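Step one of this worksheet: look at the structure below.
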Amino acid sequence: MKLQVIRQMYDHSGPFASVYLDASRTTEVGAEEVELRWRDIRRKLAREHTHDDDLDAIEEVVTDPEEAAPGLAVFAVDGDVAHDEAMSDPPALPIATWSALPHVMPLLAQRGESVPQLRVIIDHTGADVIVIGPGSPRRTAVHAQEWPLTKTAQGGWSQKRYERSVEETWERNAMAVAAEVDEEVRRIGAELVVVAGEPRSRAMLLDHLGAEASARVVVAERGSRAEGADPAPFEAEAEAAVDAWGERELGGLLDRYGAGPSARGLDDPAAALRDGRVEVLLLAADSPPDGQMWIGREGPQLALTKEELAKYGVPDPVRERADAALVRAAATTDADLWFAARDDLGTEVAAVLRF
């Protein structure tokens with residue numbers, strides 16, 4: 001899991017208001033349900049701190065009708081929302097906390113591995129390109145030329161020339177789609193490009209993709225741009241491709257863990273994070289760390305004891321949740337985060353090291 005999306009939050013020193021809200025709407029007056037839940041959370045937060053500007057900023061998000069989702073995670077600091085994200089399911093329990101660092105672990109644990117990807121459905125007229133990366137998915141329709149698109153059986157001396165023109169139109173449309181896909185792959189750092197659609201156009205697209213996009217292609221057999229076509233079969237194949245990618249990546253990480261430079265426990269990964277040596281932080285999905293650590297103002301400043309940070313000249317360290325401290329250190333040192341079974345790790349916290 002790439003952590004760039006939340007990294008900018010750590011430019012602030014806190015305190016952060018972290019809110020996990022059940023935003024599901026079960027009745028026609030669902031917006032009122034959400035507002036009532038928010039009022040209960042706001043009262044709790046207001047009793048603990050008087051940062052009304054942070055609470056006002058959160059309220060704008062959670063009461064916005066455009067933010068309809070089963071659940072919402074919102075983090076505010078210095079009077080602004082530092083990050084908000086829709087959740088695929090409501091939180092098991094509402095969460096409302098003030099803390100030195102944002103309480104991001106429930107969000108990351110539910111989100112799981114977020115794979116930047118493109119989903120492409122192509123035909124002779126062009127393609128629908130769905131970009132799934134940082135932020136909400138974006139859908140773009142791409143085509144270069146609208147005529148001629150259809151071959152005929154009219155015969156005559158012009159038949160072959162007309163059919164050649166039709167195929168040239170198909171080719172130009174496939175080239176335009178390939179250019180769009182190549183650009184998006186570079187822009188979001190896509191790990192997967194799932195391609196479906198009309199077989200001839202699909203083959204043309206694959207012929208024109210650049211090397212980076214081609215290396216990430218998975219072909220889906222089901223998927224059509226035809227009006228009224230059911231999107232479910234294509235979505236199912238795309239999700240299966242994402243799951244397979246995740247299993248391969250995690251398997252490779254677990255093979256590297258222990259075989260090469262690695263750390264385990266809590267103290268050794270923390271020391272490696274302080275030194276910027278962690279490539280991938282591994283947390284047990286079924287039992288993430290629930291203790292506390294000491295942190296300084298800078299992202300990599302974390303340790304099990306106050307005295308240990310003092311050795312590094314860190315002034316005024318404070319105690320914070322271990323999971324929040326580890327995620328901040330990973331995000332601010334460009335380490336990735338993956339969740340794995342505790343049985344596979346043999347511990348709650350581990351790391352694959354750069355050196």
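Residue numbering restarts at 1 in every chain; chains get A, B, ... in the order shown in the structure tokens, and ligands count up from 1 in that same order.
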Write out as a ChimeraX atom specification which residues come within 9 Å of Met175 in chain A when counting only C-alpha atoms, dropping same-chain ones fewer than 4 positions away. /A:144,170-171,179-180,204-205,207-209
Long-range neighbours of range 83-96 of chain A as a VMD selection string, 8 Å cut-off, only C-alpha atoms, 3 positions minimum in chain: chain A and resid 6 9 17 to 24 41 44 to 45 61 67 69 to 76 107 110 to 111
Export N, CA and C atoms of the chosen residues as a CSV table (one decimal), in the first residue's frame?
chain,number,residue,atom,x,y,z
A,6,ILE,N,-1.8,10.0,2.3
A,6,ILE,CA,-2.0,10.5,3.6
A,6,ILE,C,-0.7,11.3,4.1
A,9,MET,N,-0.7,14.9,5.5
A,9,MET,CA,-1.2,15.2,6.9
A,9,MET,C,-0.1,15.4,7.9
A,17,ALA,N,-8.2,15.9,14.9
A,17,ALA,CA,-9.5,15.3,15.2
A,17,ALA,C,-9.7,14.2,14.2
A,18,SER,N,-9.9,12.9,14.6
A,18,SER,CA,-10.1,11.8,13.7
A,18,SER,C,-11.5,11.3,13.9
A,19,VAL,N,-12.3,11.2,12.9
A,19,VAL,CA,-13.7,10.9,12.9
A,19,VAL,C,-14.0,9.7,12.0
A,20,TYR,N,-14.6,8.7,12.5
A,20,TYR,CA,-15.1,7.6,11.6
A,20,TYR,C,-16.6,7.6,11.8
A,21,LEU,N,-17.4,7.8,10.8
A,21,LEU,CA,-18.8,8.0,10.9
A,21,LEU,C,-19.6,7.0,10.0
A,22,ASP,N,-20.6,6.4,10.6
A,22,ASP,CA,-21.5,5.6,9.8
A,22,ASP,C,-22.4,6.6,9.0
A,23,ALA,N,-22.1,6.6,7.7
A,23,ALA,CA,-22.8,7.6,6.8
A,23,ALA,C,-23.9,6.9,6.0
A,24,SER,N,-24.2,5.6,6.3
A,24,SER,CA,-25.2,4.9,5.5
A,24,SER,C,-26.6,5.6,5.7
A,41,ILE,N,-21.2,12.8,17.8
A,41,ILE,CA,-19.8,12.7,17.8
A,41,ILE,C,-19.2,14.1,18.0
A,44,LYS,N,-19.1,14.9,21.7
A,44,LYS,CA,-18.1,14.2,22.4
A,44,LYS,C,-16.7,14.9,22.2
A,45,LEU,N,-16.4,15.3,21.0
A,45,LEU,CA,-15.2,15.9,20.7
A,45,LEU,C,-15.1,17.3,21.3
A,61,VAL,N,-17.9,18.4,5.5
A,61,VAL,CA,-17.7,17.1,4.8
A,61,VAL,C,-18.8,16.1,5.0
A,67,GLU,N,-21.2,13.5,-0.6
A,67,GLU,CA,-20.3,12.6,0.1
A,67,GLU,C,-21.0,11.3,0.6
A,69,ALA,N,-21.9,7.8,1.3
A,69,ALA,CA,-21.1,6.6,1.2
A,69,ALA,C,-21.5,5.8,2.5
A,70,PRO,N,-21.2,4.5,2.5
A,70,PRO,CA,-21.5,3.7,3.7
A,70,PRO,C,-20.8,4.2,5.0
A,71,GLY,N,-19.6,4.7,4.8
A,71,GLY,CA,-18.8,5.2,5.9
A,71,GLY,C,-17.9,6.3,5.5
A,72,LEU,N,-17.5,7.2,6.4
A,72,LEU,CA,-16.6,8.3,6.1
A,72,LEU,C,-15.5,8.3,7.2
A,73,ALA,N,-14.3,8.5,6.7
A,73,ALA,CA,-13.2,8.8,7.7
A,73,ALA,C,-12.7,10.2,7.4
A,74,VAL,N,-12.6,11.0,8.4
A,74,VAL,CA,-12.3,12.5,8.2
A,74,VAL,C,-11.3,12.9,9.3
A,75,PHE,N,-10.2,13.6,8.8
A,75,PHE,CA,-9.2,14.0,9.7
A,75,PHE,C,-9.0,15.5,9.6
A,76,ALA,N,-9.1,16.2,10.7
A,76,ALA,CA,-9.0,17.7,10.6
A,76,ALA,C,-7.9,18.2,11.6
A,107,LEU,N,-8.9,3.0,8.9
A,107,LEU,CA,-9.1,3.3,7.5
A,107,LEU,C,-8.2,2.4,6.7
A,110,GLN,N,-9.2,-1.4,6.7
A,110,GLN,CA,-10.4,-1.7,5.9
A,110,GLN,C,-10.1,-1.5,4.4
A,111,ARG,N,-9.4,-0.5,4.1
A,111,ARG,CA,-9.1,-0.3,2.6
A,111,ARG,C,-8.3,-1.4,2.0
Residue contacts of range 305-309 of chain A (8 Å, only C-alpha atoms) excluding same-chain residues fewer than 5 positions away, as number ranges by chain: A: 293-296, 314, 317-318
Contacts of range 117-121 of chain A within 10 Å, only C-alpha atoms, excl. fewer than 4 positions in-chain, as a PyMOL selection string: chain A and resi 126-133+137-141+177+181+184-185+188-198+201-202+213+216-220+222-225+234-235+238+242
Residues as selected, N, CA and C atoms, written as a compact mmCIF listing (two decimals), in the first residue's frame, can you do that?
# COMPACT_ATOMS: atom_id res chain seq x y z
N GLY A 126 -13.94 3.53 -29.96
CA GLY A 126 -13.09 4.10 -28.92
C GLY A 126 -13.13 3.23 -27.68
N ALA A 127 -13.06 3.86 -26.51
CA ALA A 127 -13.02 3.08 -25.28
C ALA A 127 -13.48 3.90 -24.09
N ASP A 128 -13.95 3.19 -23.09
CA ASP A 128 -14.17 3.77 -21.76
C ASP A 128 -12.95 3.40 -20.93
N VAL A 129 -12.29 4.41 -20.36
CA VAL A 129 -11.09 4.21 -19.54
C VAL A 129 -11.42 4.64 -18.12
N ILE A 130 -11.40 3.68 -17.20
CA ILE A 130 -11.67 3.97 -15.79
C ILE A 130 -10.33 3.98 -15.05
N VAL A 131 -10.03 5.10 -14.42
CA VAL A 131 -8.76 5.28 -13.72
C VAL A 131 -9.02 5.17 -12.22
N ILE A 132 -8.40 4.20 -11.58
CA ILE A 132 -8.56 3.98 -10.14
C ILE A 132 -7.21 4.21 -9.49
N GLY A 133 -7.11 5.31 -8.77
CA GLY A 133 -5.87 5.68 -8.11
C GLY A 133 -6.18 6.60 -6.96
N PRO A 137 -12.51 7.25 -8.41
CA PRO A 137 -12.31 6.76 -9.77
C PRO A 137 -12.79 7.77 -10.81
N ARG A 138 -12.06 7.84 -11.93
CA ARG A 138 -12.43 8.75 -13.02
C ARG A 138 -12.72 7.91 -14.26
N ARG A 139 -13.76 8.30 -14.98
CA ARG A 139 -14.14 7.57 -16.19
C ARG A 139 -14.06 8.53 -17.37
N THR A 140 -13.34 8.12 -18.43
CA THR A 140 -13.16 8.95 -19.61
C THR A 140 -13.51 8.15 -20.85
N ALA A 141 -14.25 8.77 -21.78
CA ALA A 141 -14.52 8.15 -23.07
C ALA A 141 -13.52 8.70 -24.08
N VAL A 177 -6.71 5.54 -27.92
CA VAL A 177 -6.92 4.90 -26.62
C VAL A 177 -5.58 4.50 -26.01
N VAL A 181 -4.08 5.57 -22.38
CA VAL A 181 -3.71 4.57 -21.38
C VAL A 181 -2.25 4.75 -20.96
N GLU A 184 -1.94 7.72 -18.60
CA GLU A 184 -2.50 7.48 -17.27
C GLU A 184 -1.64 6.50 -16.47
N VAL A 185 -1.08 5.51 -17.14
CA VAL A 185 -0.18 4.57 -16.46
C VAL A 185 0.99 5.33 -15.85
N ILE A 188 -0.37 7.86 -12.77
CA ILE A 188 -0.76 7.33 -11.46
C ILE A 188 0.14 6.18 -11.00
N GLY A 189 1.12 5.79 -11.82
CA GLY A 189 1.95 4.65 -11.45
C GLY A 189 1.15 3.37 -11.40
N ALA A 190 0.33 3.13 -12.42
CA ALA A 190 -0.57 1.98 -12.43
C ALA A 190 0.19 0.66 -12.35
N GLU A 191 -0.34 -0.25 -11.55
CA GLU A 191 0.22 -1.59 -11.45
C GLU A 191 -0.49 -2.57 -12.37
N LEU A 192 -1.72 -2.26 -12.75
CA LEU A 192 -2.52 -3.15 -13.59
C LEU A 192 -3.25 -2.34 -14.67
N VAL A 193 -3.38 -2.95 -15.84
CA VAL A 193 -4.25 -2.42 -16.90
C VAL A 193 -5.13 -3.58 -17.35
N VAL A 194 -6.39 -3.56 -16.94
CA VAL A 194 -7.32 -4.64 -17.28
C VAL A 194 -8.07 -4.23 -18.54
N VAL A 195 -7.95 -5.02 -19.61
CA VAL A 195 -8.49 -4.66 -20.92
C VAL A 195 -9.55 -5.67 -21.34
N ALA A 196 -10.71 -5.16 -21.74
CA ALA A 196 -11.79 -6.01 -22.26
C ALA A 196 -12.41 -5.31 -23.46
N GLY A 197 -13.31 -6.01 -24.13
CA GLY A 197 -14.04 -5.39 -25.22
C GLY A 197 -14.00 -6.21 -26.49
N GLU A 198 -14.32 -5.56 -27.61
CA GLU A 198 -14.39 -6.20 -28.91
C GLU A 198 -13.01 -6.77 -29.27
N SER A 201 -10.55 -4.86 -31.81
CA SER A 201 -10.10 -3.58 -31.27
C SER A 201 -9.17 -3.78 -30.08
N ARG A 202 -9.46 -4.79 -29.29
CA ARG A 202 -8.60 -5.11 -28.15
C ARG A 202 -7.20 -5.47 -28.62
N ALA A 213 2.97 0.15 -20.11
CA ALA A 213 1.58 -0.29 -20.00
C ALA A 213 1.43 -1.75 -20.40
N ARG A 216 1.84 -4.46 -17.87
CA ARG A 216 0.87 -4.51 -16.78
C ARG A 216 -0.51 -4.98 -17.24
N VAL A 217 -0.62 -5.40 -18.49
CA VAL A 217 -1.93 -5.75 -19.05
C VAL A 217 -2.40 -7.12 -18.57
N VAL A 218 -3.68 -7.17 -18.20
CA VAL A 218 -4.40 -8.42 -17.98
C VAL A 218 -5.64 -8.35 -18.87
N VAL A 219 -5.85 -9.35 -19.72
CA VAL A 219 -6.99 -9.36 -20.63
C VAL A 219 -8.18 -10.01 -19.96
N ALA A 220 -9.31 -9.32 -19.98
CA ALA A 220 -10.58 -9.86 -19.47
C ALA A 220 -11.44 -10.27 -20.65
N ARG A 222 -14.71 -10.82 -20.64
CA ARG A 222 -16.08 -10.29 -20.62
C ARG A 222 -16.04 -8.79 -20.40
N GLY A 223 -16.91 -8.08 -21.10
CA GLY A 223 -16.97 -6.64 -20.99
C GLY A 223 -17.34 -6.04 -22.33
N SER A 224 -18.34 -5.15 -22.35
CA SER A 224 -18.82 -4.58 -23.60
C SER A 224 -19.27 -3.14 -23.37
N ARG A 225 -19.09 -2.31 -24.41
CA ARG A 225 -19.58 -0.93 -24.36
C ARG A 225 -20.99 -0.82 -24.92
N PHE A 234 -17.50 -7.89 -16.21
CA PHE A 234 -16.20 -7.26 -16.35
C PHE A 234 -15.63 -6.85 -15.00
N GLU A 235 -16.47 -6.26 -14.16
CA GLU A 235 -16.00 -5.84 -12.83
C GLU A 235 -15.50 -7.04 -12.03
N ALA A 238 -12.11 -7.96 -13.31
CA ALA A 238 -11.13 -6.96 -12.90
C ALA A 238 -10.76 -7.13 -11.43
N VAL A 242 -7.10 -7.99 -9.67
CA VAL A 242 -6.51 -7.22 -8.57
C VAL A 242 -6.14 -8.16 -7.42
What residues in range 202-323 of chain A get the DSSP label strand (DSSP E)? Please answer as a PDB file with N, CA and C atoms, in the first residue's frame.
ATOM      1  N   VAL A 217      -0.624  -5.399 -18.490  1.00  0.00           N
ATOM      2  CA  VAL A 217      -1.928  -5.746 -19.050  1.00  0.00           C
ATOM      3  C   VAL A 217      -2.403  -7.115 -18.568  1.00  0.00           C
ATOM      4  N   VAL A 218      -3.678  -7.168 -18.200  1.00  0.00           N
ATOM      5  CA  VAL A 218      -4.402  -8.418 -17.985  1.00  0.00           C
ATOM      6  C   VAL A 218      -5.642  -8.346 -18.872  1.00  0.00           C
ATOM      7  N   VAL A 219      -5.851  -9.348 -19.720  1.00  0.00           N
ATOM      8  CA  VAL A 219      -6.991  -9.358 -20.632  1.00  0.00           C
ATOM      9  C   VAL A 219      -8.182 -10.012 -19.963  1.00  0.00           C
ATOM     10  N   SER A 262      15.911  -7.746   6.954  1.00  0.00           N
ATOM     11  CA  SER A 262      14.563  -7.633   7.498  1.00  0.00           C
ATOM     12  C   SER A 262      14.651  -7.383   8.996  1.00  0.00           C
ATOM     13  N   ALA A 263      13.509  -7.012   9.573  1.00  0.00           N
ATOM     14  CA  ALA A 263      13.445  -6.737  11.011  1.00  0.00           C
ATOM     15  C   ALA A 263      12.104  -7.227  11.527  1.00  0.00           C
ATOM     16  N   ARG A 264      12.037  -7.532  12.809  1.00  0.00           N
ATOM     17  CA  ARG A 264      10.794  -8.028  13.378  1.00  0.00           C
ATOM     18  C   ARG A 264      10.687  -7.579  14.828  1.00  0.00           C
ATOM     19  N   VAL A 278      13.619   1.183   5.910  1.00  0.00           N
ATOM     20  CA  VAL A 278      12.490   0.283   5.671  1.00  0.00           C
ATOM     21  C   VAL A 278      11.931   0.482   4.267  1.00  0.00           C
ATOM     22  N   GLU A 279      11.887  -0.583   3.509  1.00  0.00           N
ATOM     23  CA  GLU A 279      11.247  -0.555   2.188  1.00  0.00           C
ATOM     24  C   GLU A 279       9.765  -0.849   2.321  1.00  0.00           C
ATOM     25  N   VAL A 280       9.417  -1.863   3.120  1.00  0.00           N
ATOM     26  CA  VAL A 280       8.019  -2.242   3.324  1.00  0.00           C
ATOM     27  C   VAL A 280       7.797  -2.543   4.802  1.00  0.00           C
ATOM     28  N   LEU A 281       6.830  -1.854   5.402  1.00  0.00           N
ATOM     29  CA  LEU A 281       6.407  -2.150   6.770  1.00  0.00           C
ATOM     30  C   LEU A 281       5.301  -3.193   6.704  1.00  0.00           C
ATOM     31  N   LEU A 282       5.440  -4.275   7.452  1.00  0.00           N
ATOM     32  CA  LEU A 282       4.472  -5.370   7.460  1.00  0.00           C
ATOM     33  C   LEU A 282       3.771  -5.402   8.818  1.00  0.00           C
ATOM     34  N   LEU A 283       2.453  -5.321   8.802  1.00  0.00           N
ATOM     35  CA  LEU A 283       1.678  -5.370  10.041  1.00  0.00           C
ATOM     36  C   LEU A 283       0.734  -6.562  10.003  1.00  0.00           C
ATOM     37  N   ALA A 284       0.569  -7.192  11.158  1.00  0.00           N
ATOM     38  CA  ALA A 284      -0.348  -8.330  11.256  1.00  0.00           C
ATOM     39  C   ALA A 284      -1.780  -7.840  11.106  1.00  0.00           C
ATOM     40  N   GLN A 292       1.794   1.633  22.906  1.00  0.00           N
ATOM     41  CA  GLN A 292       2.165   3.030  22.681  1.00  0.00           C
ATOM     42  C   GLN A 292       3.665   3.145  22.472  1.00  0.00           C
ATOM     43  N   MET A 293       4.048   4.236  21.817  1.00  0.00           N
ATOM     44  CA  MET A 293       5.445   4.544  21.587  1.00  0.00           C
ATOM     45  C   MET A 293       5.663   6.025  21.889  1.00  0.00           C
ATOM     46  N   TRP A 294       6.929   6.424  21.883  1.00  0.00           N
ATOM     47  CA  TRP A 294       7.271   7.829  22.050  1.00  0.00           C
ATOM     48  C   TRP A 294       7.631   8.400  20.682  1.00  0.00           C
ATOM     49  N   ILE A 295       7.172   9.611  20.417  1.00  0.00           N
ATOM     50  CA  ILE A 295       7.421  10.239  19.120  1.00  0.00           C
ATOM     51  C   ILE A 295       7.917  11.670  19.313  1.00  0.00           C
ATOM     52  N   LEU A 302      10.649   7.997  16.390  1.00  0.00           N
ATOM     53  CA  LEU A 302       9.813   7.122  17.210  1.00  0.00           C
ATOM     54  C   LEU A 302      10.713   6.136  17.934  1.00  0.00           C
ATOM     55  N   ALA A 303      10.297   5.720  19.108  1.00  0.00           N
ATOM     56  CA  ALA A 303      11.069   4.771  19.907  1.00  0.00           C
ATOM     57  C   ALA A 303      10.175   4.204  20.986  1.00  0.00           C
ATOM     58  N   VAL A 318       6.478  12.861  23.019  1.00  0.00           N
ATOM     59  CA  VAL A 318       5.168  12.581  23.606  1.00  0.00           C
ATOM     60  C   VAL A 318       4.791  11.141  23.296  1.00  0.00           C
ATOM     61  N   ARG A 319       3.864  10.595  24.063  1.00  0.00           N
ATOM     62  CA  ARG A 319       3.398   9.224  23.832  1.00  0.00           C
ATOM     63  C   ARG A 319       2.253   9.232  22.836  1.00  0.00           C
ATOM     64  N   GLU A 320       2.236   8.203  21.996  1.00  0.00           N
ATOM     65  CA  GLU A 320       1.206   8.098  20.970  1.00  0.00           C
ATOM     66  C   GLU A 320       0.970   6.621  20.666  1.00  0.00           C
ATOM     67  N   ARG A 321      -0.149   6.328  20.044  1.00  0.00           N
ATOM     68  CA  ARG A 321      -0.446   4.958  19.635  1.00  0.00           C
ATOM     69  C   ARG A 321       0.681   4.416  18.772  1.00  0.00           C
TER      70      ARG A 321
END
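Coordinates place CA of Leu273 in chain A at a distance of 20.3 Å from CA of Arg342 in chain A.
Nearest residue to Trp245 in chain A among A:Ser114, A:Asp343, A:Pro15, A:Arg354 is A:Ser114, counting only C-alpha atoms.
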Please report the interatomic distance between CA of Leu304 in chain A and CA of Gly14 in chain A in Å with one decimal.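 So the answer is 20.9 Å.
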Restricting the calculation to only C-alpha atoms: of A:Asp123, A:Asp243, A:Glu298, A:Asp56, which residue gets closest to Ser13 in chain A?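 Under the stated criterion, the closest residue is A:Glu298.
Of the listed residues (A:Ala330, A:Ala241, A:Ala57, A:Ala324), A:Ala330 comes nearest to Arg274 in chain A; the distances count only C-alpha atoms.
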How many Å lie between CA of Ala232 in chain A and CA of Arg25 in chain A, rounded to one decimal?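 So the two atoms, CA of Ala232 in chain A and CA of Arg25 in chain A, lie 23.8 Å apart.
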Return the single residue from A:Pro106, A:Arg328, A:Pro199, A:Glu35 that is closest to Ala68 in chain A, with distances computed using only C-alpha atoms. A:Glu35
Using only C-alpha atoms for the distances, tell me which of A:Asp290, A:Leu337, A:Ala325, A:Leu55 is nearest to Arg43 in chain A.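 Checking each of A:Asp290, A:Leu337, A:Ala325, A:Leu55 against Arg43 in chain A, counting only C-alpha atoms, the winner is A:Leu55.
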Taking only range 2-61 of chain A into account, list the residues labelled helix (DSSP H, G or I) by DSSP (computed from the backbone), as a tab-separated table (two decimals) with C-alpha atoms, in the first residue's frame.
chain	number	residue	atom	x	y	z
A	4	GLN	CA	1.50	9.19	-0.42
A	5	VAL	CA	-2.19	10.06	-0.16
A	6	ILE	CA	-1.98	10.53	3.61
A	7	ARG	CA	1.60	11.80	3.77
A	8	GLN	CA	0.64	15.49	3.56
A	9	MET	CA	-1.23	15.19	6.87
A	10	TYR	CA	2.07	14.85	8.70
A	11	ASP	CA	3.11	18.35	7.68
A	30	GLY	CA	-31.10	9.42	5.49
A	31	ALA	CA	-29.29	12.76	5.45
A	32	GLU	CA	-30.95	13.60	8.75
A	33	GLU	CA	-29.80	10.26	10.19
A	34	VAL	CA	-26.21	11.07	9.30
A	35	GLU	CA	-26.50	14.56	10.77
A	36	LEU	CA	-27.82	13.18	14.06
A	37	ARG	CA	-24.93	10.72	14.29
A	38	TRP	CA	-22.50	13.55	13.59
A	39	ARG	CA	-24.03	15.74	16.31
A	40	ASP	CA	-23.40	13.02	18.89
A	41	ILE	CA	-19.78	12.74	17.75
A	42	ARG	CA	-19.32	16.51	17.70
A	43	ARG	CA	-20.57	16.86	21.27
A	44	LYS	CA	-18.06	14.23	22.41
A	45	LEU	CA	-15.17	15.94	20.67
A	46	ALA	CA	-16.21	19.40	21.90
A	47	ARG	CA	-16.11	18.19	25.50
A	48	GLU	CA	-12.45	17.20	25.07
A	52	ASP	CA	-14.47	24.49	16.90
A	53	ASP	CA	-12.87	25.40	13.57
A	54	ASP	CA	-11.73	21.77	13.14
A	55	LEU	CA	-15.22	20.51	13.96
A	56	ASP	CA	-16.81	23.00	11.57
A	57	ALA	CA	-14.49	21.78	8.80
A	58	ILE	CA	-15.46	18.15	9.46
A	59	GLU	CA	-19.14	19.05	9.52
A	60	GLU	CA	-18.94	20.50	6.02
A	61	VAL	CA	-17.71	17.12	4.76
